[in-house]
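**Student:** Sharing a structure, written as C-alpha cells. Questions coming.
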Amino acid sequence: MDKGQQVTEEEIESSLSSVARLIDRYGDAYWPVFERLEHELYVRKERRQRLSAHLQYKKPIPNKQ
C-alpha cells in the first residue's frame, strides 16, 4: 500500500476477521490490534452517519422582506 492511500472500511472489516482468528488460535496477544481496528471502524462509521444526518437536514431559509 502506498503511503497516501486510504484504507477502506471493507479492508478494516476483513482485517478484524483475520485478527479475530489469530486471537482464537493464539490467544490475547493480538487483542490490542483487534481493539484498534474495531475503534477505527466505529469512528469512521459514526463520522459518516453524523455528516449524512446534517446533509439530509435542510432548514428553510427565512425570506427577508
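Residue numbers start at 1 in each chain; chains themselves are named A, B, ... in the order of the C-alpha cells; ligands are numbered from 1 in the order shown.
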Need the shell around region 32-37 of chain A: protein/DNA/RNA residues with any atom at most 9 Å away, counting only C-alpha atoms. Skip same-chain ones fewer than 5 positions apart. Format as a VMD selection string?
**Tutor:** chain A and resid 12 to 13 15 to 17 19 to 20 23 42
**Student:** Would you please extract all helix (DSSP H, G or I) residues from chain A, as assigned by DSSP on the backbone, and give them as a ChimeraX atom specification?
**Tutor:** /A:9-26,28-56
**Student:** Could you save the residues just selected, with N, CA and C atoms, as a tab-separated table (two decimals), in the first residue's frame?
**Tutor:**
```tsv
chain	number	residue	atom	x	y	z
A	9	GLU	N	-13.20	0.82	4.68
A	9	GLU	CA	-13.91	0.15	5.77
A	9	GLU	C	-13.95	-1.36	5.53
A	10	GLU	N	-14.07	-1.75	4.28
A	10	GLU	CA	-14.10	-3.17	3.94
A	10	GLU	C	-12.77	-3.84	4.31
A	11	GLU	N	-11.67	-3.15	4.08
A	11	GLU	CA	-10.36	-3.69	4.45
A	11	GLU	C	-10.22	-3.80	5.97
A	12	ILE	N	-10.75	-2.84	6.68
A	12	ILE	CA	-10.71	-2.90	8.15
A	12	ILE	C	-11.54	-4.08	8.64
A	13	GLU	N	-12.74	-4.26	8.06
A	13	GLU	CA	-13.59	-5.38	8.46
A	13	GLU	C	-12.92	-6.72	8.17
A	14	SER	N	-12.27	-6.82	7.03
A	14	SER	CA	-11.54	-8.04	6.68
A	14	SER	C	-10.40	-8.29	7.67
A	15	SER	N	-9.70	-7.22	8.02
A	15	SER	CA	-8.60	-7.33	8.99
A	15	SER	C	-9.12	-7.75	10.35
A	16	LEU	N	-10.28	-7.22	10.74
A	16	LEU	CA	-10.88	-7.61	12.02
A	16	LEU	C	-11.14	-9.12	12.05
A	17	SER	N	-11.64	-9.65	10.96
A	17	SER	CA	-11.90	-11.09	10.89
A	17	SER	C	-10.60	-11.89	11.00
A	18	SER	N	-9.57	-11.41	10.33
A	18	SER	CA	-8.27	-12.10	10.39
A	18	SER	C	-7.69	-12.08	11.79
A	19	VAL	N	-7.76	-10.92	12.42
A	19	VAL	CA	-7.21	-10.80	13.78
A	19	VAL	C	-8.04	-11.61	14.76
A	20	ALA	N	-9.35	-11.68	14.55
A	20	ALA	CA	-10.20	-12.50	15.42
A	20	ALA	C	-9.78	-13.97	15.35
A	21	ARG	N	-9.45	-14.42	14.15
A	21	ARG	CA	-8.97	-15.80	14.00
A	21	ARG	C	-7.63	-16.00	14.71
A	22	LEU	N	-6.75	-14.99	14.62
A	22	LEU	CA	-5.47	-15.08	15.33
A	22	LEU	C	-5.68	-15.17	16.84
A	23	ILE	N	-6.59	-14.35	17.35
A	23	ILE	CA	-6.87	-14.37	18.79
A	23	ILE	C	-7.44	-15.73	19.19
A	24	ASP	N	-8.34	-16.24	18.37
A	24	ASP	CA	-8.95	-17.54	18.66
A	24	ASP	C	-7.90	-18.65	18.68
A	25	ARG	N	-6.94	-18.56	17.78
A	25	ARG	CA	-5.93	-19.61	17.67
A	25	ARG	C	-4.77	-19.44	18.65
A	26	TYR	N	-4.29	-18.19	18.83
A	26	TYR	CA	-3.05	-17.98	19.59
A	26	TYR	C	-3.23	-17.23	20.91
A	28	ASP	N	-4.67	-13.93	23.46
A	28	ASP	CA	-4.94	-12.49	23.54
A	28	ASP	C	-3.80	-11.56	23.13
A	29	ALA	N	-2.72	-12.08	22.64
A	29	ALA	CA	-1.59	-11.22	22.26
A	29	ALA	C	-1.99	-10.21	21.18
A	30	TYR	N	-2.94	-10.57	20.35
A	30	TYR	CA	-3.36	-9.69	19.25
A	30	TYR	C	-4.57	-8.83	19.61
A	31	TRP	N	-5.03	-8.93	20.85
A	31	TRP	CA	-6.22	-8.19	21.27
A	31	TRP	C	-6.08	-6.67	21.07
A	32	PRO	N	-4.94	-6.04	21.40
A	32	PRO	CA	-4.82	-4.60	21.16
A	32	PRO	C	-4.99	-4.21	19.69
A	33	VAL	N	-4.54	-5.04	18.78
A	33	VAL	CA	-4.71	-4.77	17.35
A	33	VAL	C	-6.19	-4.84	17.00
A	34	PHE	N	-6.88	-5.85	17.53
A	34	PHE	CA	-8.31	-6.01	17.28
A	34	PHE	C	-9.08	-4.78	17.77
A	35	GLU	N	-8.77	-4.34	19.00
A	35	GLU	CA	-9.46	-3.18	19.55
A	35	GLU	C	-9.20	-1.92	18.74
A	36	ARG	N	-8.00	-1.75	18.26
A	36	ARG	CA	-7.66	-0.56	17.46
A	36	ARG	C	-8.42	-0.56	16.14
A	37	LEU	N	-8.48	-1.71	15.49
A	37	LEU	CA	-9.23	-1.81	14.24
A	37	LEU	C	-10.72	-1.58	14.47
A	38	GLU	N	-11.25	-2.16	15.53
A	38	GLU	CA	-12.66	-2.00	15.85
A	38	GLU	C	-12.99	-0.53	16.13
A	39	HIS	N	-12.12	0.13	16.86
A	39	HIS	CA	-12.32	1.55	17.17
A	39	HIS	C	-12.28	2.40	15.90
A	40	GLU	N	-11.32	2.14	15.04
A	40	GLU	CA	-11.20	2.90	13.79
A	40	GLU	C	-12.45	2.73	12.93
A	41	LEU	N	-12.96	1.52	12.85
A	41	LEU	CA	-14.16	1.27	12.07
A	41	LEU	C	-15.36	2.01	12.67
A	42	TYR	N	-15.50	1.98	13.99
A	42	TYR	CA	-16.58	2.68	14.67
A	42	TYR	C	-16.52	4.18	14.41
A	43	VAL	N	-15.33	4.76	14.54
A	43	VAL	CA	-15.16	6.20	14.33
A	43	VAL	C	-15.53	6.58	12.90
A	44	ARG	N	-15.10	5.82	11.94
A	44	ARG	CA	-15.41	6.13	10.54
A	44	ARG	C	-16.90	6.07	10.27
A	45	LYS	N	-17.55	5.02	10.76
A	45	LYS	CA	-18.99	4.89	10.54
A	45	LYS	C	-19.77	6.00	11.23
A	46	GLU	N	-19.37	6.32	12.45
A	46	GLU	CA	-20.06	7.37	13.18
A	46	GLU	C	-19.90	8.72	12.49
A	47	ARG	N	-18.72	9.03	12.03
A	47	ARG	CA	-18.48	10.29	11.32
A	47	ARG	C	-19.35	10.38	10.06
A	48	ARG	N	-19.40	9.29	9.31
A	48	ARG	CA	-20.20	9.26	8.09
A	48	ARG	C	-21.68	9.46	8.42
A	49	GLN	N	-22.17	8.80	9.47
A	49	GLN	CA	-23.57	8.94	9.87
A	49	GLN	C	-23.89	10.36	10.33
A	50	ARG	N	-22.99	10.94	11.09
A	50	ARG	CA	-23.21	12.31	11.57
A	50	ARG	C	-23.25	13.29	10.42
A	51	LEU	N	-22.33	13.15	9.49
A	51	LEU	CA	-22.29	14.03	8.34
A	51	LEU	C	-23.56	13.86	7.50
A	52	SER	N	-23.93	12.63	7.28
A	52	SER	CA	-25.12	12.34	6.49
A	52	SER	C	-26.37	12.94	7.13
A	53	ALA	N	-26.47	12.86	8.45
A	53	ALA	CA	-27.63	13.42	9.16
A	53	ALA	C	-27.72	14.92	8.93
A	54	HIS	N	-26.61	15.60	8.93
A	54	HIS	CA	-26.62	17.04	8.73
A	54	HIS	C	-26.83	17.42	7.27
A	55	LEU	N	-26.41	16.59	6.37
A	55	LEU	CA	-26.62	16.88	4.96
A	55	LEU	C	-28.09	16.66	4.57
A	56	GLN	N	-28.75	15.74	5.25
A	56	GLN	CA	-30.15	15.47	4.96
A	56	GLN	C	-31.07	16.51	5.58
```
